[in-house]
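For reference, input29.txt is printed below; it contains compact mmCIF, C-alpha atoms.
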# COMPACT_ATOMS: atom_id res chain seq x y z
CA MET A 1 -46.32 40.46 -39.31
CA ALA A 2 -45.93 39.37 -35.67
CA LYS A 3 -46.49 35.73 -36.65
CA ALA A 4 -43.82 35.99 -39.36
CA THR A 5 -41.35 37.50 -36.89
CA VAL A 6 -42.01 34.84 -34.25
CA LYS A 7 -41.59 32.03 -36.81
CA ALA A 8 -38.40 33.56 -38.18
CA ILE A 9 -36.99 33.89 -34.66
CA LEU A 10 -37.95 30.28 -33.90
CA VAL A 11 -36.23 28.96 -37.03
CA TYR A 12 -33.17 31.03 -36.27
CA LEU A 13 -33.14 29.74 -32.69
CA ILE A 14 -33.20 26.14 -33.93
CA TYR A 15 -30.33 26.95 -36.30
CA PHE A 16 -28.48 28.69 -33.46
CA LEU A 17 -28.84 25.63 -31.20
CA LEU A 18 -27.96 23.07 -33.87
CA VAL A 19 -24.84 24.79 -35.20
CA PRO A 20 -22.62 24.00 -32.17
CA MET A 21 -23.59 20.32 -32.46
CA LEU A 22 -22.43 20.28 -36.06
CA ALA A 23 -19.18 22.09 -35.27
CA PRO A 24 -16.96 18.99 -35.76
CA LEU A 25 -18.46 18.55 -39.23
CA PHE A 26 -17.62 22.13 -40.22
CA GLU A 27 -13.93 21.40 -39.61
CA LEU A 28 -14.12 18.36 -41.85
CA ILE A 29 -16.18 19.88 -44.65
CA PRO A 30 -15.02 23.25 -45.87
CA GLY A 31 -17.90 25.42 -47.09
CA LEU A 32 -20.62 23.56 -45.17
CA MET A 33 -21.15 26.41 -42.71
CA GLU A 34 -21.56 28.97 -45.52
CA SER A 35 -23.89 26.65 -47.40
CA ILE A 36 -26.11 26.16 -44.33
CA GLU A 37 -26.12 29.92 -43.67
CA VAL A 38 -27.32 30.64 -47.22
CA PHE A 39 -29.97 27.96 -46.86
CA VAL A 40 -31.25 29.37 -43.55
CA ILE A 41 -31.35 32.95 -44.95
CA VAL A 42 -33.31 31.98 -48.09
CA TYR A 43 -35.63 29.68 -46.10
CA ILE A 44 -36.43 32.37 -43.50
CA MET A 45 -36.98 34.99 -46.25
CA LEU A 46 -39.43 32.74 -48.11
CA MET A 47 -41.18 31.99 -44.82
CA ILE A 48 -41.52 35.67 -43.96
CA LEU A 49 -42.77 36.51 -47.46
CA GLY A 50 -45.31 33.68 -47.21
CA ASP A 51 -46.56 34.99 -43.88
CA LEU A 52 -46.67 38.58 -45.13
CA THR A 53 -48.82 37.53 -48.06
CA ALA A 54 -51.11 35.41 -45.88
CA LYS A 55 -54.70 34.97 -47.03
CA THR A 56 -53.71 35.67 -50.65
CA VAL A 57 -52.77 33.17 -53.32
CA PHE A 58 -49.17 34.44 -53.11
CA GLN A 59 -48.84 32.82 -49.71
CA TYR A 60 -49.03 29.44 -51.45
CA PHE A 61 -46.62 30.54 -54.17
CA PHE A 62 -44.04 31.28 -51.52
CA SER A 63 -44.84 28.10 -49.58
CA THR A 64 -44.40 26.08 -52.79
CA ALA A 65 -41.20 27.96 -53.59
CA ARG A 66 -39.93 27.17 -50.09
CA ALA A 67 -40.72 23.45 -50.47
CA LEU A 68 -39.09 23.40 -53.92
CA PHE A 69 -36.04 25.28 -52.64
CA PHE A 70 -35.69 22.79 -49.81
CA MET A 71 -35.86 19.83 -52.19
CA ALA A 72 -33.45 21.46 -54.65
CA TYR A 73 -31.02 22.23 -51.83
CA LEU A 74 -31.16 18.62 -50.63
CA LEU A 75 -30.76 17.17 -54.12
CA LEU A 76 -27.90 19.49 -55.05
CA SER A 77 -26.03 19.05 -51.80
CA MET A 78 -26.47 15.29 -51.62
CA GLY A 79 -25.27 14.39 -55.12
CA ASP A 80 -25.27 10.59 -55.13
CA GLY A 81 -25.89 10.44 -51.39
CA MET A 82 -22.30 9.56 -50.62
CA PHE A 83 -20.49 11.99 -48.42
CA ASN A 84 -16.71 11.92 -48.92
CA THR A 85 -14.08 13.84 -47.08
CA SER A 86 -10.34 13.51 -46.59
CA TYR A 87 -8.17 14.53 -43.71
CA GLU A 88 -4.43 14.11 -44.03
CA ASN A 89 -4.00 10.48 -45.09
CA PHE A 90 -7.48 9.38 -44.14
CA SER A 91 -10.52 9.20 -46.33
CA LEU A 92 -14.02 9.04 -44.83
CA THR A 93 -17.10 7.94 -46.72
CA VAL A 94 -20.58 8.11 -45.23
CA ASN A 95 -23.49 6.66 -47.14
CA LEU A 96 -26.32 9.11 -46.48
CA THR A 97 -28.60 7.79 -49.21
CA LEU A 98 -31.24 6.51 -46.82
CA PHE A 99 -31.31 9.72 -44.80
CA TYR A 100 -31.54 11.85 -47.92
CA THR A 101 -34.25 9.65 -49.38
CA VAL A 102 -36.39 10.05 -46.26
CA ALA A 103 -35.72 13.80 -46.21
CA VAL A 104 -36.64 14.20 -49.89
CA LEU A 105 -39.79 12.13 -49.42
CA LEU A 106 -40.82 14.28 -46.46
CA SER A 107 -40.15 17.46 -48.39
CA LEU A 108 -42.23 16.00 -51.26
CA LEU A 109 -45.05 15.59 -48.76
CA GLY A 110 -44.58 19.22 -47.76
CA PHE A 111 -44.66 20.24 -51.42
CA ALA A 112 -47.85 18.22 -52.00
CA ARG A 113 -49.40 19.90 -48.96
CA THR A 114 -48.72 23.39 -50.31
CA ILE A 115 -50.25 22.43 -53.68
CA LEU A 116 -53.31 21.06 -51.90
CA GLN A 117 -53.53 24.24 -49.85
CA ALA A 118 -53.36 26.34 -53.03
CA ILE A 119 -56.08 24.25 -54.70
CA ASN A 120 -58.20 24.46 -51.57
CA PHE A 121 -57.72 28.22 -51.41
CA MET A 122 -58.69 28.70 -55.04
CA SER A 123 -61.72 26.43 -54.77
CA GLU A 124 -62.90 28.18 -51.61
CA ARG A 125 -62.50 31.53 -53.31
CA ALA A 126 -64.36 30.27 -56.39
CA GLU A 127 -67.13 28.96 -54.14
CA ALA A 128 -67.30 32.28 -52.34
CA ASN A 129 -67.48 34.17 -55.69
CA SER A 130 -70.19 31.88 -57.05
CA GLY A 131 -72.15 32.32 -53.80
CA LEU A 132 -71.91 36.08 -54.16
CA GLN A 133 -73.13 35.91 -57.78
CA LEU A 134 -76.15 33.86 -56.75
CA MET B 135 -60.32 19.43 -47.55
CA ASN B 136 -58.93 21.37 -44.64
CA VAL B 137 -58.79 18.33 -42.37
CA PRO B 138 -56.66 16.14 -44.70
CA ILE B 139 -54.33 19.08 -45.34
CA ARG B 140 -53.93 19.65 -41.60
CA ALA B 141 -53.41 15.91 -41.00
CA LEU B 142 -50.79 15.85 -43.74
CA GLY B 143 -49.04 18.82 -42.14
CA ILE B 144 -49.03 17.20 -38.69
CA ALA B 145 -47.78 13.87 -40.03
CA THR B 146 -44.98 15.58 -42.00
CA SER B 147 -43.95 17.58 -38.92
CA ILE B 148 -43.87 14.46 -36.73
CA PHE B 149 -41.68 12.61 -39.24
CA TRP B 150 -39.34 15.60 -39.53
CA VAL B 151 -38.97 15.77 -35.75
CA LEU B 152 -38.23 12.03 -35.63
CA LEU B 153 -35.67 12.30 -38.42
CA MET B 154 -33.95 15.26 -36.80
CA ALA B 155 -33.97 13.59 -33.38
CA PHE B 156 -32.35 10.52 -34.93
CA MET B 157 -29.64 12.61 -36.58
CA VAL B 158 -28.91 14.59 -33.41
CA LEU B 159 -28.69 11.38 -31.34
CA ALA B 160 -26.47 9.84 -34.00
CA ALA B 161 -24.16 12.88 -33.86
CA PHE B 162 -24.00 12.60 -30.06
CA SER B 163 -23.31 8.87 -30.34
CA VAL B 164 -20.31 9.51 -32.56
CA LYS B 165 -18.95 11.79 -29.84
CA ASP B 166 -19.24 8.95 -27.30
CA LEU B 167 -17.52 6.40 -29.49
CA ASN B 168 -13.89 5.57 -28.77
CA PHE B 169 -11.49 3.54 -30.86
CA ASP B 170 -8.08 2.63 -29.54
CA PHE B 171 -5.32 0.45 -30.91
CA GLY B 172 -3.28 -1.86 -28.73
CA GLU B 173 0.31 -2.93 -29.08
CA PRO B 174 0.77 -4.94 -32.30
CA GLN B 175 2.31 -8.36 -31.88
CA PHE B 176 4.24 -10.52 -34.32
CA THR B 177 4.21 -14.25 -33.97
CA PRO B 178 6.40 -16.34 -36.25
CA ALA B 179 5.09 -19.80 -37.02
CA PRO B 180 7.28 -22.72 -38.03
CA ASP B 181 5.53 -23.08 -41.39
CA GLY B 182 7.02 -19.83 -42.61
CA GLN B 183 4.07 -17.66 -41.69
CA LEU B 184 4.31 -14.44 -39.74
CA THR B 185 1.16 -13.47 -37.89
CA PHE B 186 0.68 -9.81 -37.18
CA SER B 187 -1.99 -9.25 -34.52
CA LEU B 188 -3.45 -5.83 -33.94
CA PRO B 189 -5.86 -5.44 -31.00
CA LEU B 190 -8.56 -2.84 -31.49
CA TYR B 191 -10.62 -1.62 -28.54
CA VAL B 192 -14.04 -0.18 -29.28
CA ASP B 193 -15.86 1.58 -26.46
CA ASN B 194 -19.36 2.20 -27.73
CA ARG B 195 -21.00 4.58 -25.26
CA GLY B 196 -23.37 5.90 -27.88
CA TYR B 197 -27.09 5.32 -28.22
CA TYR B 198 -26.87 2.88 -31.11
CA SER B 199 -25.25 -0.46 -31.78
CA LEU B 200 -22.63 -0.64 -34.48
CA LYS B 201 -23.33 -3.33 -37.02
CA GLU B 202 -21.34 -5.09 -39.69
CA PHE B 203 -17.98 -3.83 -38.54
CA HIS B 204 -15.30 -4.88 -40.99
CA LEU B 205 -11.60 -4.21 -41.14
CA SER B 206 -9.44 -5.21 -44.05
CA THR B 207 -5.74 -4.75 -44.62
CA VAL B 208 -3.73 -5.29 -47.75
CA PHE B 209 0.06 -5.47 -47.66
CA SER B 210 1.83 -4.86 -50.93
CA ASP B 211 5.41 -4.39 -52.01
CA GLU B 212 6.92 -1.30 -53.62
CA GLU B 213 5.76 -2.43 -57.06
CA GLY B 214 2.21 -2.68 -55.76
CA GLU B 215 2.11 -6.47 -55.88
CA GLU B 216 -0.13 -7.86 -53.17
CA ILE B 217 1.68 -9.80 -50.46
CA SER B 218 -1.07 -10.40 -47.96
CA ARG B 219 -4.72 -9.62 -47.41
CA ALA B 220 -6.72 -10.03 -44.20
CA ASN B 221 -10.30 -9.34 -43.19
CA THR B 222 -12.00 -9.14 -39.82
CA TYR B 223 -15.76 -9.03 -39.51
CA ILE B 224 -17.79 -8.37 -36.35
CA PRO B 225 -21.58 -8.57 -36.82
CA VAL B 226 -22.57 -6.38 -33.84
CA ILE B 227 -20.82 -4.08 -31.40
CA PRO B 228 -23.59 -3.47 -28.84
CA HIS B 229 -24.09 0.00 -27.42
CA GLY B 230 -22.84 0.59 -23.89
CA GLU B 231 -20.21 -2.12 -24.20
CA ASN B 232 -16.48 -2.33 -24.55
CA THR B 233 -15.44 -4.70 -27.31
CA THR B 234 -11.98 -5.96 -28.15
CA ILE B 235 -11.32 -6.99 -31.72
CA VAL B 236 -8.11 -8.70 -32.76
CA HIS B 237 -7.21 -8.25 -36.38
CA ASN B 238 -4.80 -10.92 -37.60
CA VAL B 239 -2.72 -10.52 -40.72
CA THR B 240 -0.70 -13.45 -41.97
CA LEU B 241 2.41 -12.64 -43.92
CA SER B 242 3.94 -15.49 -45.84
CA THR B 243 7.69 -15.08 -45.87
CA ALA B 244 7.89 -17.46 -48.79
CA SER B 245 5.83 -15.13 -50.96
CA LEU B 246 7.78 -12.16 -49.66
CA PHE B 247 11.20 -13.60 -50.40
CA GLU B 248 10.28 -15.10 -53.72
CA ASN B 249 10.41 -11.56 -55.08
CA GLY B 250 14.15 -11.61 -54.51
CA GLU B 251 16.74 -11.11 -51.87
CA HIS B 252 15.73 -7.50 -51.38
CA TYR B 253 13.68 -8.16 -48.26
CA LEU B 254 16.33 -10.46 -46.77
CA PHE B 255 19.26 -8.08 -46.84
CA ASN B 256 17.81 -4.58 -47.10
CA ASP B 257 15.42 -2.68 -44.89
CA ASN B 258 12.37 -1.70 -46.81
CA ASN B 259 8.87 -0.34 -46.62
CA LEU B 260 5.74 -2.33 -47.26
CA ASN B 261 2.66 -0.47 -48.40
CA VAL B 262 -0.36 -1.07 -46.23
CA SER B 263 -3.88 -0.17 -47.22
CA VAL B 264 -6.43 -0.26 -44.41
CA THR B 265 -10.19 0.00 -44.82
CA ALA B 266 -12.59 -0.06 -41.88
CA GLY B 267 -16.34 0.23 -42.14
CA LEU B 268 -19.45 -0.18 -40.08
CA ASN B 269 -23.15 0.39 -40.23
CA PHE B 270 -23.75 3.20 -37.80
CA ALA B 271 -27.12 3.36 -36.07
CA GLU B 272 -28.23 0.63 -38.49
CA LEU B 273 -28.90 3.23 -41.16
CA LEU B 274 -25.67 5.03 -41.96
CA PRO B 275 -22.89 2.95 -43.50
CA VAL B 276 -19.56 4.62 -42.76
CA GLU B 277 -16.19 3.68 -44.22
CA ILE B 278 -12.75 5.03 -43.47
CA SER B 279 -9.63 4.15 -45.38
CA THR B 280 -6.00 5.04 -45.23
CA ASN B 281 -2.64 4.08 -46.69
CA PHE B 282 0.65 4.02 -44.90
CA THR B 283 4.02 2.37 -45.12
CA PHE B 284 5.09 -0.36 -42.77
CA PRO B 285 8.81 -0.61 -42.07
CA TRP B 286 10.24 -3.99 -42.92
CA GLY B 287 13.50 -4.82 -41.20
CA ALA B 288 15.78 -7.22 -43.03
CA PRO B 289 16.73 -10.32 -41.02
CA PHE B 290 20.20 -10.46 -42.62
CA TYR B 291 20.79 -6.74 -42.99
CA ASN B 292 24.25 -5.87 -44.22
CA PHE B 293 25.25 -9.54 -44.54
CA ALA B 294 28.93 -9.73 -45.34
CA LEU B 295 31.68 -12.29 -45.53
CA GLY B 296 35.08 -10.73 -44.94
CA ALA B 297 38.42 -11.49 -46.50
CA PRO B 298 39.55 -15.10 -45.90
CA SER B 299 42.58 -15.71 -43.73
CA TYR B 300 44.70 -18.78 -44.28
CA GLY B 301 46.45 -21.00 -41.78
CA ARG B 302 47.71 -24.53 -41.50
CA SER B 303 45.34 -26.77 -39.60
CA SER B 304 47.13 -30.06 -40.16
CA SER B 305 49.78 -31.57 -42.35
CA THR B 306 47.18 -32.28 -45.01
CA HIS B 307 44.81 -29.34 -44.71
CA ASP B 308 44.79 -25.58 -44.71
CA GLU B 309 42.30 -23.78 -42.56
CA VAL B 310 40.48 -20.89 -44.21
CA THR B 311 38.72 -18.61 -41.76
CA VAL B 312 36.11 -16.18 -43.02
CA PRO B 313 34.52 -13.51 -40.82
CA MET B 314 30.77 -13.27 -41.13
CA SER B 315 28.53 -10.48 -39.89
CA PHE B 316 24.98 -9.17 -40.23
CA GLU B 317 22.32 -7.38 -38.25
CA ASN B 318 18.89 -8.76 -37.52
CA HIS B 319 16.57 -5.82 -38.19
CA ALA B 320 13.51 -8.06 -38.40
CA PHE B 321 10.75 -8.03 -35.80
CA PHE B 322 11.41 -11.67 -34.97
CA ASP B 323 14.31 -13.59 -33.49
CA LEU B 324 16.43 -15.39 -36.00
CA ILE B 325 17.29 -18.98 -35.20
CA GLY B 326 18.60 -21.12 -37.98
CA ASN B 327 21.39 -22.47 -40.00
CA ILE B 328 23.71 -20.84 -42.53
CA ARG B 329 25.54 -23.16 -44.90
CA ILE B 330 28.47 -21.79 -46.89
CA GLU B 331 30.24 -23.44 -49.77
CA LEU B 332 33.72 -22.34 -50.76
CA TYR B 333 34.64 -22.43 -54.44
CA ASP B 334 37.95 -21.63 -56.05
CA GLY B 335 38.44 -19.50 -59.14
CA ALA B 336 37.88 -22.48 -61.40
CA GLY B 337 34.51 -23.15 -59.82
CA SER B 338 35.56 -26.28 -57.94
CA LEU B 339 34.04 -26.87 -54.55
CA LEU B 340 36.81 -26.79 -51.96
CA ASP B 341 34.84 -27.26 -48.80
CA GLU B 342 31.57 -26.46 -47.16
CA THR B 343 30.65 -25.56 -43.63
CA GLN B 344 27.60 -24.59 -41.71
CA THR B 345 26.96 -22.63 -38.61
CA LEU B 346 24.01 -22.21 -36.31
CA VAL B 347 22.90 -18.67 -35.61
CA ASP B 348 20.67 -17.41 -32.84
CA VAL B 349 20.28 -13.69 -33.21
CA PRO B 350 17.55 -11.89 -31.28
CA GLN B 351 15.66 -9.14 -33.07
CA GLY B 352 17.47 -5.84 -33.20
CA SER B 353 20.91 -7.29 -32.48
CA SER B 354 23.91 -7.97 -34.65
CA TYR B 355 25.94 -11.08 -35.33
CA ASP B 356 29.70 -11.15 -35.61
CA GLY B 357 31.35 -14.49 -36.05
CA SER B 358 33.44 -16.51 -38.39
CA VAL B 359 33.27 -19.72 -40.32
CA ALA B 360 36.13 -22.07 -40.96
CA PHE B 361 36.86 -24.30 -43.94
CA ASN B 362 39.31 -27.14 -44.16
CA VAL B 363 40.88 -27.15 -47.57
CA PRO B 364 43.12 -30.06 -48.64
CA LEU B 365 46.69 -28.94 -49.28
CA GLU B 366 46.83 -30.57 -52.70
CA THR B 367 44.18 -28.14 -53.88
CA ALA B 368 46.41 -25.92 -55.92
CA SER B 369 43.89 -23.31 -56.89
CA LEU B 370 43.46 -21.92 -53.38
CA SER B 371 47.12 -21.44 -52.74
CA THR B 372 47.86 -19.98 -56.13
CA ALA B 373 44.98 -17.87 -57.22
CA ARG B 374 43.25 -17.29 -53.93
CA THR B 375 40.19 -16.11 -55.73
CA GLY B 376 36.78 -17.65 -56.05
CA HIS B 377 33.35 -17.30 -54.57
CA PHE B 378 31.18 -18.36 -51.68
CA GLU B 379 27.69 -19.73 -52.06
CA VAL B 380 25.61 -19.07 -48.99
CA TYR B 381 22.39 -20.91 -48.10
CA PHE B 382 20.08 -19.63 -45.36
CA ASN B 383 17.68 -21.91 -43.58
CA THR B 384 15.58 -20.82 -40.61
CA GLY B 385 12.14 -21.87 -39.56
CA LEU B 386 10.69 -18.89 -41.41
CA LEU B 387 12.73 -18.76 -44.55
CA GLU B 388 14.86 -20.77 -46.85
CA TYR B 389 17.03 -18.97 -49.35
CA GLY B 390 20.07 -19.63 -51.43
CA PRO B 391 22.49 -19.58 -52.98
CA LEU B 392 23.75 -16.08 -52.39
CA VAL B 393 26.96 -15.78 -54.38
CA ILE B 394 29.70 -13.64 -52.86
CA PRO B 395 33.05 -13.41 -54.64
CA TYR B 396 36.29 -13.20 -52.73
CA GLY B 397 39.91 -12.50 -53.50
Could you write out this structure as structure tokens?
Amino acid sequence: MAKATVKAILVYLIYFLLVPMLAPLFELIPGLMESIEVFVIVYIMLMILGDLTAKTVFQYFFSTARALFFMAYLLLSMGDGMFNTSYENFSLTVNLTLFYTVAVLLSLLGFARTILQAINFMSERAEANSGLQL
Amino acid sequence: MNVPIRALGIATSIFWVLLMAFMVLAAFSVKDLNFDFGEPQFTPAPDGQLTFSLPLYVDNRGYYSLKEFHLSTVFSDEEGEEISRANTYIPVIPHGENTTIVHNVTLSTASLFENGEHYLFNDNNLNVSVTAGLNFAELLPVEISTNFTFPWGAPFYNFALGAPSYGRSSSTHDEVTVPMSFENHAFFDLIGNIRIELYDGAGSLLDETQTLVDVPQGSSYDGSVAFNVPLETASLSTARTGHFEVYFNTGLLEYGPLVIPYG
């Protein structure tokens, strides 16, 4: 429980420190702030649930759900990787494809890690059960 | 299996930290990037070309160099027909340096005036479409575009020939004096020649004259032109109607005839 709280506080602190840096973007993109808030809430909840169910197979369910949620959030928010916004008569286009690609690849690695952890957990438990039976 | 999983976790974390650090530095770099436009300059060339030069000052105090900077402008008329297109390309704007870029747009007056006398005698607006792009931090291509109207001042705005006045110049000729006025609203000085032909109501050429004009930008011209019409020309004294045909010839433009009836 303490570990979950500390991790949640840490993630929130990072969010708290990063938000002022992104302030100019929030003025340009309406709804970005709310979107990031929802993301941080869901991410912290899944993290806490994962920590609360530590040492059970549910921990890996929640870790996998967190990795999947992260990927889905990235994919849904990125669209085609082109960020477009307009201000008065100006139109700004930023090609974020490369950044998103790297982020999705890294989150895929995270997803693979949680699957491996789940397999490892199940195999260790099966080994322990077979050892007990012997 | 625990060791590979842990190694995978550490590697993923390191890459995430690097990616985030890059994005944060990129965001800070944008803050330290300054673009400023200088005073635009217009330079008329004798071959009928107008060069519009726009200095752009880029102060890149960010952490990254800006690559593949490009700026393109397209001038078009009210109907959307393209008049001029110009591109400027700078391969690298190094970080920590102040770079001056001069964007030159060449406007051909011949192509402008071939669409009619509209741009010669009436102030107008040209549509300008500007697109600027660069590769920020070598990874993030950014493009900004805008449209605006550019005021075009007519070089012969409100050109008018007044009512002719008649007087005897000699025993064989009448002198016809015609007031001429216009305003130079263009962004260049107007130095050239105006040739006027005087026709009577039957379409016969009575006389022609030409005058040199030197009208700085933003100022008006008020003058007169005189014709010597032979006394035996009956049409002028009887009908006193007809038309002028006006031909304009400056270093930048050549246009005519502009037909103006009188009487």
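For the set B:Thr375, B:Asn383, B:His319, B:Ala266, the residue with the smallest atom-to-atom gap to Ala336 of chain B is B:Thr375, counting all atoms listed in the file.
The residue that comes closest to chain A, out of B:Tyr198, B:Phe270, B:Phe186, B:Tyr389 and on the basis of all atoms listed in the file, is B:Phe270.
Set the cut-off at 7 Å, count only C-alpha atoms, and the residues of chain A near chain B turn out to be Asn89, Phe90, Ser91, Leu92, Thr93, Val94, Asn95, Leu96, Leu98, Leu106, Leu109, Gly110, Arg113, Leu116, Gln117 and Asn120 of chain A.
Candidate residues A:Phe26, A:Leu68, A:Tyr60, A:Ala54 were compared for distance to Val42 of chain A, and the nearest is A:Leu68, using all atoms listed in the file.
Distances from B:Ser354, B:Glu213, B:Tyr197, B:Leu188 to Ala155 of chain B were compared using all atoms listed in the file, and the smallest one belongs to B:Tyr197.
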Fill in: Shell of 8 Å around Thr283 of chain B, only C-alpha atoms, local chain residues under 6 positions omitted, as a list in words
Asn259, Leu260, Asn261 and Val262 of chain B
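Considering only C-alpha atoms, the residue among A:Ile115, A:Ala4, A:Val57, A:Met47 positioned nearest to Phe69 of chain A is A:Met47.
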Fill in: Gap from atom CA of Lys3 of chain A to atom CA of Met71 of chain A - Å, one decimal
24.6 Å
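Within the 7 Å cut-off around segment 231-247 of chain B, using only C-alpha atoms and omitting residues fewer than 4 positions from it on the same chain, the listed residues are B:Gly182, B:Gln183, B:Leu184, B:Thr185, B:Phe186, B:Ser187, B:Leu188, B:Pro189, B:Leu190, B:Tyr191, B:Val192, B:Asp193, B:Asn194, B:Arg195, B:Ile217, B:Ser218, B:Ala220, B:Thr222, B:Ile227, B:Glu251, B:Tyr253, B:Leu386, B:Leu387.
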Could you write those residues out with C-alpha atoms, as a PDB file, keeping the file's coordinate frame?
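Everything below was put into out06.pdb:
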ATOM      1  CA  GLY B 182       7.020 -19.830 -42.610  1.00  0.00           C
ATOM      2  CA  GLN B 183       4.070 -17.660 -41.690  1.00  0.00           C
ATOM      3  CA  LEU B 184       4.310 -14.440 -39.740  1.00  0.00           C
ATOM      4  CA  THR B 185       1.160 -13.470 -37.890  1.00  0.00           C
ATOM      5  CA  PHE B 186       0.680  -9.810 -37.180  1.00  0.00           C
ATOM      6  CA  SER B 187      -1.990  -9.250 -34.520  1.00  0.00           C
ATOM      7  CA  LEU B 188      -3.450  -5.830 -33.940  1.00  0.00           C
ATOM      8  CA  PRO B 189      -5.860  -5.440 -31.000  1.00  0.00           C
ATOM      9  CA  LEU B 190      -8.560  -2.840 -31.490  1.00  0.00           C
ATOM     10  CA  TYR B 191     -10.620  -1.620 -28.540  1.00  0.00           C
ATOM     11  CA  VAL B 192     -14.040  -0.180 -29.280  1.00  0.00           C
ATOM     12  CA  ASP B 193     -15.860   1.580 -26.460  1.00  0.00           C
ATOM     13  CA  ASN B 194     -19.360   2.200 -27.730  1.00  0.00           C
ATOM     14  CA  ARG B 195     -21.000   4.580 -25.260  1.00  0.00           C
ATOM     15  CA  ILE B 217       1.680  -9.800 -50.460  1.00  0.00           C
ATOM     16  CA  SER B 218      -1.070 -10.400 -47.960  1.00  0.00           C
ATOM     17  CA  ALA B 220      -6.720 -10.030 -44.200  1.00  0.00           C
ATOM     18  CA  THR B 222     -12.000  -9.140 -39.820  1.00  0.00           C
ATOM     19  CA  ILE B 227     -20.820  -4.080 -31.400  1.00  0.00           C
ATOM     20  CA  GLU B 251      16.740 -11.110 -51.870  1.00  0.00           C
ATOM     21  CA  TYR B 253      13.680  -8.160 -48.260  1.00  0.00           C
ATOM     22  CA  LEU B 386      10.690 -18.890 -41.410  1.00  0.00           C
ATOM     23  CA  LEU B 387      12.730 -18.760 -44.550  1.00  0.00           C
TER      24      LEU B 387
END
Could you write segment 59-63 of chain A as a PDB file, keeping the file's coordinate frame, with all heavy atoms rebuilt where they are missing?
ATOM      1  N   GLN A  59     -49.334  33.580 -50.860  1.00  0.00           N
ATOM      2  CA  GLN A  59     -48.840  32.820 -49.710  1.00  0.00           C
ATOM      3  C   GLN A  59     -48.445  31.404 -50.155  1.00  0.00           C
ATOM      4  O   GLN A  59     -47.401  30.874 -49.744  1.00  0.00           O
ATOM      5  CB  GLN A  59     -49.943  32.738 -48.648  1.00  0.00           C
ATOM      6  CG  GLN A  59     -49.554  31.884 -47.459  1.00  0.00           C
ATOM      7  CD  GLN A  59     -50.714  31.605 -46.525  1.00  0.00           C
ATOM      8  OE1 GLN A  59     -51.869  31.968 -46.804  1.00  0.00           O
ATOM      9  NE2 GLN A  59     -50.424  30.983 -45.402  1.00  0.00           N
ATOM     10  N   TYR A  60     -49.288  30.811 -51.007  1.00  0.00           N
ATOM     11  CA  TYR A  60     -49.030  29.440 -51.450  1.00  0.00           C
ATOM     12  C   TYR A  60     -47.914  29.390 -52.487  1.00  0.00           C
ATOM     13  O   TYR A  60     -47.186  28.401 -52.577  1.00  0.00           O
ATOM     14  CB  TYR A  60     -50.336  28.815 -51.979  1.00  0.00           C
ATOM     15  CG  TYR A  60     -51.407  28.901 -50.914  1.00  0.00           C
ATOM     16  CD1 TYR A  60     -52.453  29.811 -51.030  1.00  0.00           C
ATOM     17  CD2 TYR A  60     -51.324  28.124 -49.765  1.00  0.00           C
ATOM     18  CE1 TYR A  60     -53.394  29.924 -50.027  1.00  0.00           C
ATOM     19  CE2 TYR A  60     -52.260  28.240 -48.764  1.00  0.00           C
ATOM     20  CZ  TYR A  60     -53.291  29.141 -48.879  1.00  0.00           C
ATOM     21  OH  TYR A  60     -54.206  29.259 -47.873  1.00  0.00           O
ATOM     22  N   PHE A  61     -47.765  30.462 -53.259  1.00  0.00           N
ATOM     23  CA  PHE A  61     -46.620  30.540 -54.170  1.00  0.00           C
ATOM     24  C   PHE A  61     -45.311  30.454 -53.367  1.00  0.00           C
ATOM     25  O   PHE A  61     -44.408  29.691 -53.700  1.00  0.00           O
ATOM     26  CB  PHE A  61     -46.636  31.869 -54.956  1.00  0.00           C
ATOM     27  CG  PHE A  61     -47.645  31.908 -56.064  1.00  0.00           C
ATOM     28  CD1 PHE A  61     -47.872  33.088 -56.764  1.00  0.00           C
ATOM     29  CD2 PHE A  61     -48.366  30.781 -56.428  1.00  0.00           C
ATOM     30  CE1 PHE A  61     -48.802  33.137 -57.801  1.00  0.00           C
ATOM     31  CE2 PHE A  61     -49.300  30.820 -57.453  1.00  0.00           C
ATOM     32  CZ  PHE A  61     -49.515  32.010 -58.138  1.00  0.00           C
ATOM     33  N   PHE A  62     -45.284  31.258 -52.312  1.00  0.00           N
ATOM     34  CA  PHE A  62     -44.040  31.280 -51.520  1.00  0.00           C
ATOM     35  C   PHE A  62     -43.840  29.975 -50.752  1.00  0.00           C
ATOM     36  O   PHE A  62     -42.706  29.529 -50.579  1.00  0.00           O
ATOM     37  CB  PHE A  62     -44.058  32.486 -50.555  1.00  0.00           C
ATOM     38  CG  PHE A  62     -43.845  33.790 -51.263  1.00  0.00           C
ATOM     39  CD1 PHE A  62     -44.815  34.800 -51.234  1.00  0.00           C
ATOM     40  CD2 PHE A  62     -42.677  34.020 -51.991  1.00  0.00           C
ATOM     41  CE1 PHE A  62     -44.621  35.987 -51.904  1.00  0.00           C
ATOM     42  CE2 PHE A  62     -42.488  35.221 -52.657  1.00  0.00           C
ATOM     43  CZ  PHE A  62     -43.454  36.204 -52.630  1.00  0.00           C
ATOM     44  N   SER A  63     -44.966  29.400 -50.273  1.00  0.00           N
ATOM     45  CA  SER A  63     -44.840  28.100 -49.580  1.00  0.00           C
ATOM     46  C   SER A  63     -44.309  27.036 -50.535  1.00  0.00           C
ATOM     47  O   SER A  63     -43.447  26.215 -50.182  1.00  0.00           O
ATOM     48  CB  SER A  63     -46.193  27.646 -49.045  1.00  0.00           C
ATOM     49  OG  SER A  63     -46.637  28.551 -48.091  1.00  0.00           O
TER      50      SER A  63
END
